[in-house]
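File shown: run.txt (compact mmCIF, C-alpha atoms and all ligand atoms).
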```txt
# COMPACT_ATOMS: atom_id res chain seq x y z
CA MET A 29 72.82 146.58 126.69
CA LYS A 30 70.80 143.73 125.27
CA LYS A 31 67.12 142.93 125.46
CA ILE A 32 66.15 139.45 126.54
CA ILE A 33 63.04 137.73 127.91
CA LEU A 34 62.85 136.42 131.44
CA VAL A 35 60.37 133.58 131.96
CA ARG A 36 58.91 132.64 135.36
CA TYR A 37 57.31 129.32 136.04
CA GLY A 38 55.42 127.68 138.88
CA GLU A 39 57.08 126.48 142.01
CA ILE A 40 54.88 123.63 143.19
CA ILE A 41 56.04 120.97 140.78
CA LEU A 42 59.62 121.96 141.27
CA LYS A 43 59.99 120.03 144.46
CA GLY A 44 61.73 116.70 144.11
CA GLN A 45 62.60 114.56 141.17
CA ASN A 46 60.25 116.13 138.67
CA ARG A 47 62.12 119.36 138.48
CA PRO A 48 64.67 118.63 135.74
CA VAL A 49 62.08 116.91 133.56
CA PHE A 50 59.68 119.80 133.96
CA GLU A 51 62.31 122.45 133.24
CA ALA A 52 63.76 120.70 130.22
CA LYS A 53 60.30 120.18 128.75
CA LEU A 54 59.34 123.79 129.32
CA ALA A 55 62.54 125.02 127.67
CA ASN A 56 61.86 122.75 124.70
CA ASN A 57 58.25 123.88 124.41
CA ILE A 58 59.42 127.49 124.45
CA LYS A 59 61.85 126.80 121.61
CA TRP A 60 59.08 125.13 119.67
CA ALA A 61 56.70 128.04 120.24
CA LEU A 62 59.25 130.63 119.11
CA TYR A 63 60.41 128.61 116.13
CA GLY A 64 60.57 130.70 112.96
CA LEU A 65 61.05 134.08 114.62
CA GLY A 66 64.85 133.84 114.46
CA GLY A 67 67.64 132.21 116.43
CA ILE A 68 67.54 132.28 120.22
CA ASN A 69 69.57 131.00 123.14
CA VAL A 70 67.49 129.50 125.89
CA THR A 71 69.22 129.13 129.24
CA ARG A 72 68.05 128.11 132.69
CA SER A 73 69.30 129.63 135.87
CA GLN A 74 68.02 129.78 139.44
CA GLY A 75 64.49 128.68 138.69
CA ARG A 76 64.05 130.90 135.68
CA ILE A 77 64.45 130.67 131.94
CA TYR A 78 66.17 133.36 129.91
CA ILE A 79 65.53 133.77 126.20
CA GLU A 80 68.18 135.66 124.32
CA PRO A 81 67.45 136.55 120.68
CA LEU A 82 70.47 136.36 118.42
CA LYS A 83 69.44 139.04 115.96
CA GLU A 84 68.99 142.77 116.37
CA ASP A 85 65.48 143.21 114.99
CA TYR A 86 63.85 140.30 116.82
CA ASP A 87 60.06 140.55 116.80
CA PHE A 88 59.43 140.68 120.55
CA ASP A 89 55.69 141.35 120.24
CA ALA A 90 55.18 138.20 118.17
CA ALA A 91 57.26 136.25 120.68
CA PHE A 92 55.13 137.54 123.57
CA LYS A 93 51.91 136.40 121.86
CA ARG A 94 53.33 132.93 121.46
CA LEU A 95 54.76 132.70 124.96
CA LYS A 96 51.32 133.43 126.40
CA LYS A 97 50.26 130.09 124.90
CA VAL A 98 53.02 128.01 126.46
CA PHE A 99 51.65 126.17 129.50
CA GLY A 100 53.93 126.14 132.51
CA ILE A 101 54.82 129.81 132.13
CA VAL A 102 53.32 131.91 134.93
CA SER A 103 54.58 135.26 133.64
CA PHE A 104 57.39 136.78 131.63
CA SER A 105 59.11 140.12 131.21
CA PRO A 106 61.10 141.93 128.58
CA VAL A 107 64.37 142.59 130.40
CA TRP A 108 67.45 144.63 129.67
CA GLU A 109 70.70 143.00 130.58
CA VAL A 110 73.50 145.41 131.43
CA GLY A 111 76.87 145.20 133.15
CA SER A 112 76.88 145.14 136.96
CA ASP A 113 78.33 148.60 137.41
CA ILE A 114 76.32 151.31 139.14
CA ASP A 115 77.03 154.02 136.58
CA GLU A 116 76.08 151.75 133.74
CA ILE A 117 72.91 150.66 135.57
CA LYS A 118 71.88 154.28 136.19
CA LYS A 119 72.49 155.39 132.63
CA HIS A 120 70.55 152.48 131.15
CA SER A 121 67.71 152.88 133.64
CA VAL A 122 67.11 156.37 132.27
CA ASP A 123 67.08 155.08 128.67
CA ILE A 124 64.69 152.28 129.58
CA VAL A 125 62.23 154.48 131.44
CA LYS A 126 62.33 157.16 128.72
CA ASP A 127 61.57 154.48 126.17
CA MET A 128 58.60 153.25 128.20
CA LEU A 129 57.27 156.78 128.57
CA GLU A 130 57.62 157.36 124.85
CA ARG A 131 55.72 154.20 124.10
CA GLY A 132 52.89 155.51 126.29
CA VAL A 133 52.88 152.55 128.65
CA PHE A 134 51.12 154.68 131.24
CA GLN A 135 47.45 155.46 131.16
CA LYS A 136 47.83 159.06 132.32
CA GLN A 137 49.90 159.97 129.35
CA LYS A 138 47.35 158.48 127.04
CA THR A 139 44.63 160.70 128.48
CA GLY A 140 46.88 163.67 127.91
CA GLU A 141 47.07 164.72 131.55
CA ARG A 142 50.31 166.39 132.37
CA GLN A 143 50.45 164.78 135.75
CA LYS A 144 53.59 163.29 137.13
CA VAL A 145 54.21 159.58 136.67
CA LYS A 146 54.77 157.89 140.05
CA PHE A 147 57.40 155.21 140.38
CA LYS A 148 59.65 153.32 142.68
CA VAL A 149 62.77 151.23 142.23
CA GLU A 150 63.07 147.75 143.74
CA THR A 151 66.46 146.12 143.83
CA LYS A 152 67.48 142.56 144.51
CA ARG A 153 71.15 141.90 144.99
CA GLY A 154 72.15 138.33 144.21
CA ASN A 155 75.78 139.31 143.77
CA LYS A 156 77.05 139.97 147.29
CA ARG A 157 80.36 141.28 145.97
CA PHE A 158 78.57 144.27 144.53
CA PRO A 159 79.75 147.18 146.72
CA MET A 160 76.31 148.67 147.54
CA LYS A 161 73.34 147.21 149.39
CA SER A 162 69.90 146.90 147.75
CA PRO A 163 68.25 149.99 149.37
CA GLU A 164 71.28 152.10 148.47
CA ILE A 165 71.16 150.93 144.86
CA SER A 166 67.42 151.72 144.65
CA ALA A 167 67.94 155.17 146.13
CA GLU A 168 70.84 155.93 143.82
CA ILE A 169 68.95 154.88 140.68
CA GLY A 170 65.74 156.60 141.85
CA GLY A 171 67.58 159.86 142.43
CA TYR A 172 69.26 159.68 139.06
CA LEU A 173 65.94 159.04 137.29
CA LEU A 174 64.35 162.01 139.06
CA GLY A 175 67.22 164.23 138.02
CA ASN A 176 67.00 163.21 134.39
CA ILE A 177 63.29 162.76 133.72
CA PRO A 178 61.25 165.72 135.05
CA LEU A 179 57.92 163.90 134.53
CA LEU A 180 58.73 161.42 137.30
CA THR A 181 57.95 161.51 140.99
CA VAL A 182 58.65 158.85 143.61
CA ASP A 183 55.70 157.14 145.29
CA VAL A 184 56.57 153.93 147.10
CA ASN A 185 52.97 153.21 148.17
CA ASP A 186 51.05 153.70 144.94
CA PRO A 187 53.50 153.72 142.03
CA ASP A 188 52.38 153.74 138.38
CA PHE A 189 55.32 151.52 137.66
CA ILE A 190 58.04 149.69 139.51
CA LEU A 191 61.49 149.51 138.01
CA TYR A 192 62.95 146.18 139.05
CA VAL A 193 66.71 145.89 139.21
CA GLU A 194 68.33 142.52 139.82
CA VAL A 195 72.04 142.67 140.37
CA ARG A 196 73.70 139.35 139.67
CA GLU A 197 76.73 138.59 137.54
CA HIS A 198 74.95 140.79 135.04
CA THR A 199 72.22 143.20 136.02
CA TYR A 200 68.67 142.80 134.80
CA ILE A 201 66.34 145.78 134.56
CA TYR A 202 62.63 145.53 133.81
CA SER A 203 59.23 146.91 134.60
CA GLU A 204 56.57 144.99 132.68
CA ILE A 205 55.31 141.65 133.99
CA ILE A 206 53.11 139.92 131.43
CA PRO A 207 50.89 137.17 132.86
CA ALA A 208 50.54 133.80 131.12
CA ASN A 209 48.32 130.78 131.84
CA GLY A 210 50.47 128.84 134.29
CA GLY A 211 49.77 125.10 134.32
CA LEU A 212 52.30 122.41 133.43
CA PRO A 213 54.35 122.05 130.26
CA VAL A 214 52.48 120.01 127.65
CA GLY A 215 54.00 116.54 127.55
CA THR A 216 54.76 116.18 131.26
CA SER A 217 51.48 114.42 132.11
CA GLY A 218 51.14 111.77 129.39
CA LYS A 219 48.75 111.74 126.47
CA ALA A 220 44.94 111.66 126.25
CA LEU A 221 42.39 111.54 123.45
CA LEU A 222 39.91 114.42 123.20
CA LEU A 223 36.45 113.80 121.74
CA LEU A 224 36.28 116.93 119.65
CA SER A 225 32.94 118.02 118.21
CA GLY A 226 32.43 121.34 116.46
CA GLY A 227 30.74 122.81 119.52
CA ILE A 228 31.89 125.27 122.16
CA ASP A 229 32.62 122.84 124.98
CA SER A 230 35.01 120.19 123.76
CA PRO A 231 37.81 122.55 122.58
CA VAL A 232 37.72 124.19 126.01
CA ALA A 233 37.88 120.76 127.69
CA GLY A 234 40.96 119.88 125.61
CA TRP A 235 42.60 123.20 126.42
CA MET A 236 42.02 122.69 130.15
CA MET A 237 43.64 119.27 130.16
CA ALA A 238 46.55 120.46 128.00
CA LYS A 239 47.04 123.13 130.66
CA ARG A 240 47.65 120.31 133.13
CA GLY A 241 50.50 119.06 130.97
CA ILE A 242 48.61 116.52 128.87
CA GLU A 243 49.58 115.97 125.28
CA ILE A 244 46.37 115.93 123.23
CA ASP A 245 45.19 113.83 120.33
CA ALA A 246 41.66 114.37 119.04
CA ILE A 247 38.92 112.22 117.59
CA HIS A 248 35.93 113.41 115.61
CA PHE A 249 32.90 111.42 114.52
CA HIS A 250 31.69 112.43 111.12
CA SER A 251 28.38 111.31 109.62
CA TYR A 252 28.76 112.18 105.98
CA PRO A 253 26.53 113.15 104.14
CA TYR A 254 24.29 113.98 107.13
CA THR A 255 27.07 116.15 108.45
CA SER A 256 28.85 118.23 105.83
CA GLU A 257 32.43 118.58 104.70
CA ARG A 258 32.22 122.04 106.25
CA ALA A 259 31.61 120.51 109.69
CA LYS A 260 34.82 118.51 109.27
CA GLU A 261 36.77 121.59 108.16
CA LYS A 262 35.54 123.37 111.25
CA VAL A 263 36.88 120.63 113.52
CA ILE A 264 40.23 120.74 111.72
CA GLU A 265 40.35 124.48 112.34
CA LEU A 266 39.52 123.99 116.04
CA ALA A 267 42.31 121.43 116.33
CA ARG A 268 44.65 123.89 114.64
CA ILE A 269 43.81 126.61 117.17
CA LEU A 270 44.37 124.14 120.02
CA SER A 271 47.68 123.08 118.50
CA GLU A 272 49.04 126.57 119.18
CA TYR A 273 48.87 125.53 122.84
CA CYS A 274 49.72 121.86 122.44
CA GLN A 275 52.19 121.88 119.54
CA LYS A 276 50.97 118.86 117.66
CA ILE A 277 47.62 117.10 117.51
CA ASN A 278 46.85 113.88 115.69
CA LEU A 279 43.23 114.23 114.64
CA TYR A 280 41.33 111.02 113.91
CA ILE A 281 38.23 111.41 111.76
CA VAL A 282 35.93 108.43 112.18
CA PRO A 283 33.19 107.65 109.62
CA PHE A 284 30.15 107.25 111.85
CA THR A 285 27.22 107.17 109.43
CA GLU A 286 26.76 103.41 109.28
CA ILE A 287 26.64 103.09 113.07
CA GLN A 288 24.26 105.99 113.44
CA LEU A 289 21.87 104.67 110.83
CA ALA A 290 21.92 101.23 112.44
CA ILE A 291 21.15 102.69 115.87
CA ASN A 292 18.48 104.92 114.40
CA ASP A 293 16.79 102.03 112.59
CA ASN A 294 17.00 99.40 115.33
CA CYS A 295 16.85 101.01 118.77
CA PRO A 296 14.05 102.71 120.73
CA HIS A 297 14.22 106.40 119.98
CA GLU A 298 14.59 107.60 123.54
CA GLN A 299 17.82 105.55 123.71
CA LEU A 300 19.40 106.87 120.51
CA THR A 301 21.66 109.46 122.04
CA ILE A 302 22.99 107.31 124.82
CA ILE A 303 23.73 104.33 122.57
CA MET A 304 25.42 106.61 120.10
CA ARG A 305 27.53 108.16 122.84
CA ARG A 306 28.55 104.72 124.12
CA ALA A 307 29.60 103.74 120.59
CA MET A 308 31.70 106.90 120.38
CA MET A 309 33.37 106.10 123.69
CA LYS A 310 34.14 102.53 122.65
CA ILE A 311 35.73 103.63 119.38
CA ALA A 312 37.64 106.40 121.14
CA GLU A 313 38.96 103.96 123.73
CA GLN A 314 40.23 101.55 121.09
CA ILE A 315 41.97 104.29 119.15
CA ALA A 316 43.39 105.72 122.38
CA LYS A 317 44.82 102.34 123.35
CA SER A 318 46.47 101.79 120.00
CA THR A 319 48.01 105.29 119.90
CA GLY A 320 49.36 105.64 123.43
CA SER A 321 46.62 107.75 125.03
CA LEU A 322 45.88 106.89 128.65
CA ALA A 323 42.53 108.64 129.08
CA LEU A 324 39.60 110.15 127.18
CA ILE A 325 38.50 113.79 127.46
CA THR A 326 35.00 115.10 126.76
CA GLY A 327 33.28 118.49 127.03
CA GLU A 328 30.39 117.19 129.09
CA SER A 329 28.94 119.36 131.84
CA LEU A 330 26.49 118.05 134.41
CA GLY A 331 22.87 118.61 133.50
CA GLN A 332 23.54 120.51 130.29
CA VAL A 333 21.54 118.10 128.12
CA ALA A 334 19.71 114.77 128.55
CA SER A 335 22.88 112.77 127.91
CA GLN A 336 24.67 114.63 130.69
CA THR A 337 22.57 113.67 133.72
CA ILE A 338 24.35 111.59 136.36
CA GLN A 339 22.51 108.47 135.18
CA SER A 340 23.37 109.09 131.53
CA LEU A 341 27.00 109.80 132.32
CA ALA A 342 27.18 106.58 134.35
CA VAL A 343 25.82 104.54 131.45
CA THR A 344 28.17 106.27 129.03
CA ASN A 345 31.10 105.64 131.34
CA ALA A 346 30.25 101.96 131.63
CA ALA A 347 31.08 101.57 127.93
CA VAL A 348 34.80 101.98 128.61
CA GLU A 349 37.46 101.09 131.15
CA MET A 350 39.74 104.03 130.60
CA PRO A 351 39.51 107.09 132.83
CA VAL A 352 37.32 109.77 131.26
CA PHE A 353 38.27 113.35 132.07
CA ARG A 354 35.43 115.85 132.03
CA PRO A 355 37.03 119.12 133.09
CA LEU A 356 33.84 121.13 132.44
CA ILE A 357 31.63 118.95 134.61
CA GLY A 358 31.00 121.62 137.25
CA MET A 359 31.05 124.67 135.01
CA ASP A 360 28.21 126.85 133.75
CA LYS A 361 27.92 127.51 130.04
CA ASN A 362 28.87 131.15 130.57
CA GLU A 363 32.09 130.17 132.25
CA VAL A 364 32.91 127.85 129.37
CA ILE A 365 32.14 130.61 126.86
CA ASP A 366 34.45 133.00 128.69
CA ILE A 367 37.33 130.56 128.31
CA ALA A 368 36.42 129.79 124.68
CA ARG A 369 36.65 133.51 123.93
CA ARG A 370 39.94 133.88 125.74
CA ILE A 371 41.57 130.95 123.93
CA ASP A 372 40.22 131.97 120.50
CA THR A 373 38.04 128.94 119.78
CA TYR A 374 34.70 130.66 120.31
CA GLU A 375 34.35 132.38 116.93
CA THR A 376 35.03 129.12 115.13
CA SER A 377 32.79 127.07 117.43
CA ILE A 378 29.74 129.25 116.80
CA LEU A 379 29.92 128.94 113.01
CA PRO A 380 26.85 127.00 111.89
CA TYR A 381 27.37 123.26 111.50
CA GLU A 382 25.60 119.97 111.98
CA ASP A 383 26.90 117.62 114.64
CA CYS A 384 26.11 113.94 114.38
CA CYS A 385 24.53 114.26 117.85
CA THR A 386 22.00 116.76 116.57
CA VAL A 387 21.20 115.15 113.22
CA PHE A 388 19.69 112.03 114.73
CA VAL A 389 18.06 113.41 117.78
CA ALA A 390 15.21 111.90 119.79
CA LYS A 391 12.23 114.07 120.71
CA HIS A 392 12.13 112.69 124.24
CA PRO A 393 15.54 111.37 125.16
CA ASN A 394 15.79 109.20 128.22
CA THR A 395 17.37 111.17 131.06
CA ARG A 396 17.55 108.13 133.37
CA PRO A 397 18.75 105.30 131.20
CA GLN A 398 19.31 101.87 132.73
CA LEU A 399 22.44 100.07 131.70
CA LYS A 400 20.74 96.70 131.33
CA LYS A 401 18.10 98.01 128.92
CA ILE A 402 20.67 99.88 126.90
CA GLN A 403 22.84 96.78 126.64
CA ASP A 404 19.82 94.75 125.51
CA SER A 405 19.21 97.20 122.69
CA GLU A 406 22.87 97.20 121.75
CA SER A 407 22.92 93.42 121.55
CA LYS A 408 20.51 93.64 118.61
CA LEU A 409 23.13 95.57 116.66
CA ASN A 410 26.21 94.14 115.08
CA LEU A 411 28.14 96.79 116.95
CA ASP A 412 31.56 95.16 117.27
CA GLU A 413 31.75 94.53 113.54
CA MET A 414 30.63 98.07 112.68
CA ILE A 415 33.12 99.55 115.15
CA LYS A 416 35.90 97.50 113.57
CA THR A 417 34.99 98.81 110.11
CA ALA A 418 34.75 102.40 111.35
CA ILE A 419 38.21 102.17 112.91
CA GLU A 420 39.69 100.63 109.77
CA ASN A 421 38.36 103.55 107.75
CA THR A 422 39.47 106.23 110.16
CA GLU A 423 41.47 109.06 108.64
CA LYS A 424 44.44 110.49 110.52
CA ILE A 425 45.38 114.13 110.06
CA GLU A 426 48.51 115.53 111.68
CA ILE A 427 48.00 119.08 112.79
CA THR A 428 50.86 121.24 113.95
CA ARG A 429 50.66 124.79 115.05
CA LYS A 430 51.23 127.34 112.38
CA TYR A 431 50.98 130.94 113.33
CA THR A 432 48.96 133.11 111.02
CA GLY A 433 49.85 136.78 111.00
CA ASN A 434 51.74 136.35 114.26
P1 LIG A 501 30.25 120.38 122.54
O1 LIG A 501 29.98 121.84 122.70
O2 LIG A 501 31.65 120.03 122.90
O3 LIG A 501 29.79 119.86 121.22
P2 LIG A 501 27.77 119.68 123.75
O4 LIG A 501 27.41 120.49 124.92
O5 LIG A 501 27.17 120.01 122.45
O6 LIG A 501 29.37 119.65 123.65
P3 LIG A 501 27.12 116.91 123.29
O7 LIG A 501 26.80 117.21 121.89
O8 LIG A 501 26.19 116.07 124.09
O9 LIG A 501 27.37 118.19 124.17
O10 LIG A 501 28.52 116.22 123.36
C1 LIG A 501 29.15 115.96 124.58
C2 LIG A 501 30.61 115.66 124.31
O11 LIG A 501 30.72 114.53 123.45
C3 LIG A 501 31.31 116.76 123.56
O12 LIG A 501 31.79 117.76 124.43
C4 LIG A 501 32.43 116.02 122.88
O13 LIG A 501 33.48 115.76 123.80
C5 LIG A 501 31.76 114.70 122.52
N1 LIG A 501 31.21 114.75 121.15
C6 LIG A 501 29.96 115.08 120.75
N2 LIG A 501 29.83 114.99 119.41
C7 LIG A 501 31.02 114.59 118.94
C8 LIG A 501 31.56 114.32 117.63
N3 LIG A 501 30.83 114.44 116.54
N4 LIG A 501 32.85 113.92 117.54
C9 LIG A 501 33.62 113.81 118.66
N5 LIG A 501 33.17 114.06 119.89
C10 LIG A 501 31.90 114.44 120.05
MG MG A 502 27.85 119.17 120.62
```
Could you show the structure in this file as structure tokens?
Ligand code: ATP
Ligand code: MG
Amino acid sequence: MKKIILVRYGEIILKGQNRPVFEAKLANNIKWALYGLGGINVTRSQGRIYIEPLKEDYDFDAAFKRLKKVFGIVSFSPVWEVGSDIDEIKKHSVDIVKDMLERGVFQKQKTGERQKVKFKVETKRGNKRFPMKSPEISAEIGGYLLGNIPLLTVDVNDPDFILYVEVREHTYIYSEIIPANGGLPVGTSGKALLLLSGGIDSPVAGWMMAKRGIEIDAIHFHSYPYTSERAKEKVIELARILSEYCQKINLYIVPFTEIQLAINDNCPHEQLTIIMRRAMMKIAEQIAKSTGSLALITGESLGQVASQTIQSLAVTNAAVEMPVFRPLIGMDKNEVIDIARRIDTYETSILPYEDCCTVFVAKHPNTRPQLKKIQDSESKLNLDEMIKTAIENTEKIEITRKYTGN
């Protein structure tokens, strides 16, 4: 008997030509995620992926934590692979269920009640040469479990657990189904550049697009000394957390002080934010173009602040030609926070920091900017030259996922 992991992935994309690309990418991303835990064989068969560890003491719990972060996986299960022989299947089923009971997988046991644990067996027979039919196999195994584990009782309508038995060339036995995030494997939808601040929203926006298969690079605008070294470290840490989902992130740190001071000194104050945001978009677009990104991603959400009204977003958008993805546009802050908590960015995002958007902030920002007026103000700045200098002095940091404490 050996313990392996069965991985299930979505069906929708699997129609047509995309299927092999999708599957190969997912298998590769799984290997990447599990790297360092010990050798594994990854095989694909009948719309599933099987992960077989090559060493005895493989750390399955660590592997499960990592697999939950691989987009494209809908769910996975620890599975025991045994020979397709009814006596062998029965004997191992007892061992497996006893082990689960000992590990206290069931709530009732934890509360100390000496109630029976209800179960049923569900069999799928892929191997038609196997001499028994599915219902017979289920009944046989169920009866054997009852005879060997007094705590059990059969309840097909409301079981505490289902023992799944899949009879193929080998037989696979499992009970736990661990949900993952679904989505598409990172790298199957091209690359985009995430405008990453130190706030709550932008890491969530990046995560949501990575979930749709996008490979993420990130760009951060840093206004040293108005924003501190600590603010930069925080963004690096956020990119690191995201990289556990997206493997590798190139983070571009753009020196933004000169541009901000110029805007601050030369433009009407109610226009500060919008002109600054347009400058960010222009720089981001240029870096995206030169590094293979096909779109920009921001954490903007409609109406959240003055720069996120429809009019402001339109004026911001007009600064660039590239598509701008705003996955949070229709979400409430609470919904964003829920995701931030779930993906582990929240605690880092709420650490105190200064963002360049908040350092130079107008008392009464314009919520209905007009493109023409904004462009007039911009024409008084030597913006192209300053953007060129900022890009030349941009620092690139390569961030790859490293798991801390598994
Ligand atoms: P966040 O929580 O992501 O900071 P926010 O609600 O604070 O967003 P803004 O500060 O107006 O909103 O920023 C809107 C978006 O602009 C951010 O989600 C992010 O994508 C981008 N952005 C803002 N500041 C920066 C920065 N310093 N570097 C890179 N991108 C930024
Ligand atoms: Mg912000």
For Gly175 in chain A, which residue among A:Ile32, A:Lys400, A:Glu423, A:Lys118 is the nearest when counting all atoms listed in the file?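 Using all atoms listed in the file, the shortest distance to Gly175 in chain A belongs to A:Lys118.
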Minimum-distance residue to Asp360 in chain A, chosen among A:Glu286, A:Asp188, A:Asp229, A:Asp89 (using only C-alpha atoms): A:Asp229
Spatial sel., origin (52.7, 135.7, 133.7), limit 8 Å, all atoms listed in the file, listed as a PyMOL selection string: chain A and resi 36+96+101-104+205-210
Give the residue list for ligand MG 502 (chain A) at 12 Å, counting all atoms listed in the file, as a ChimeraX atom specification, sorted by chain and then by residue number. /A:223-231,248-249,259,263,301,305,326-329,332-333,335-336,377-378,380-387,389
Ala246 in chain A surroundings by only C-alpha atoms, 7 Å radius, close-in-sequence under 6 positions cut, as a ChimeraX atom specification: /A:221-224,277-280
Can you work out which one of A:Lys317, A:Lys401, A:Arg396, A:Lys262 has the shortest atom-to-atom distance to Leu379 in chain A, counting only C-alpha atoms? A:Lys262
Measuring atom to atom with all atoms listed in the file, identify which of A:Cys274, A:Val107, A:Ala233, A:Ala323 is nearest to Leu191 in chain A.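 Result for the nearest residue to Leu191 in chain A: A:Val107.
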May I have the residues within 9 Å of range 69-84 of chain A as number ranges by chain, using only C-alpha atoms and disregarding those fewer than 2 positions away in the same chain? A: 30-37, 39, 42, 51-52, 54-56, 58-59, 66-67, 86
Would you compute, for all listed atoms of ligand LIG 501 (chain A), the axis-aligned bounding box grown by 8 Å on each side, and then report its centre and edge lengths in Å rounded to one decimal, as lines of an AutoDock Vina configuration file?
```
center_x = 29.9
center_y = 117.8
center_z = 120.7
size_x = 23.4
size_y = 24.0
size_z = 24.4
```
One-decimal distance in Å that lies between CA of Phe92 in chain A and CA of Arg47 in chain A: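 Atom-to-atom, CA of Arg47 in chain A to CA of Phe92 in chain A, that is 24.5 Å.
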For a test of reading the model, state the distance in Å between CA of Leu409 in chain A and CA of Ile311 in chain A, rounded to one decimal.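 CA of Ile311 in chain A lies 15.2 Å from CA of Leu409 in chain A.
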How many Å separate CA of Pro355 in chain A from CA of Thr255 in chain A? 26.7 Å
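Candidate residues A:Glu413, A:Glu349, A:Glu272, A:Glu298 were compared for distance to Ala238 in chain A, and the nearest is A:Glu272, using all atoms listed in the file.
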May I ask which of the residues A:Val145, A:Val184, A:Val110, A:Ile365 is the closest one to ligand LIG 501 (chain A), counting only C-alpha atoms and all ligand atoms? A:Ile365
Can you tell me, as a list in words, what residues are no more than 7 Å from Val232 in chain A when counting only C-alpha atoms, ignoring any on the same chain fewer than 3 positions away? Asp229, Trp235, Met236, Val364, Ile367 and Ala368 of chain A
Identify, on the basis of all atoms listed in the file, every residue whose closest approach to Ser407 in chain A does not exceed 12 Å; exclude the query and any residue fewer than 4 positions from it along the same chain; express the result as number ranges by chain. A: 291, 294-295, 303, 400-403, 411-413
Extract, using all atoms listed in the file, all DNA, RNA and protein residues at most 8 Å from Pro397 in chain A, discarding same-chain residues fewer than 4 positions from it, and format them as a list in words.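 Once the nearby chain positions are removed, what remains is Gln299, Ile302, Gln339, Ser340, Val343, Lys401 and Ile402 of chain A.
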Would you export the selected residues with C-alpha atoms as a CSV table (one decimal), in the coordinates of the input, please?
```csv
chain,number,residue,atom,x,y,z
A,299,GLN,CA,17.8,105.6,123.7
A,302,ILE,CA,23.0,107.3,124.8
A,339,GLN,CA,22.5,108.5,135.2
A,340,SER,CA,23.4,109.1,131.5
A,343,VAL,CA,25.8,104.5,131.4
A,401,LYS,CA,18.1,98.0,128.9
A,402,ILE,CA,20.7,99.9,126.9
```
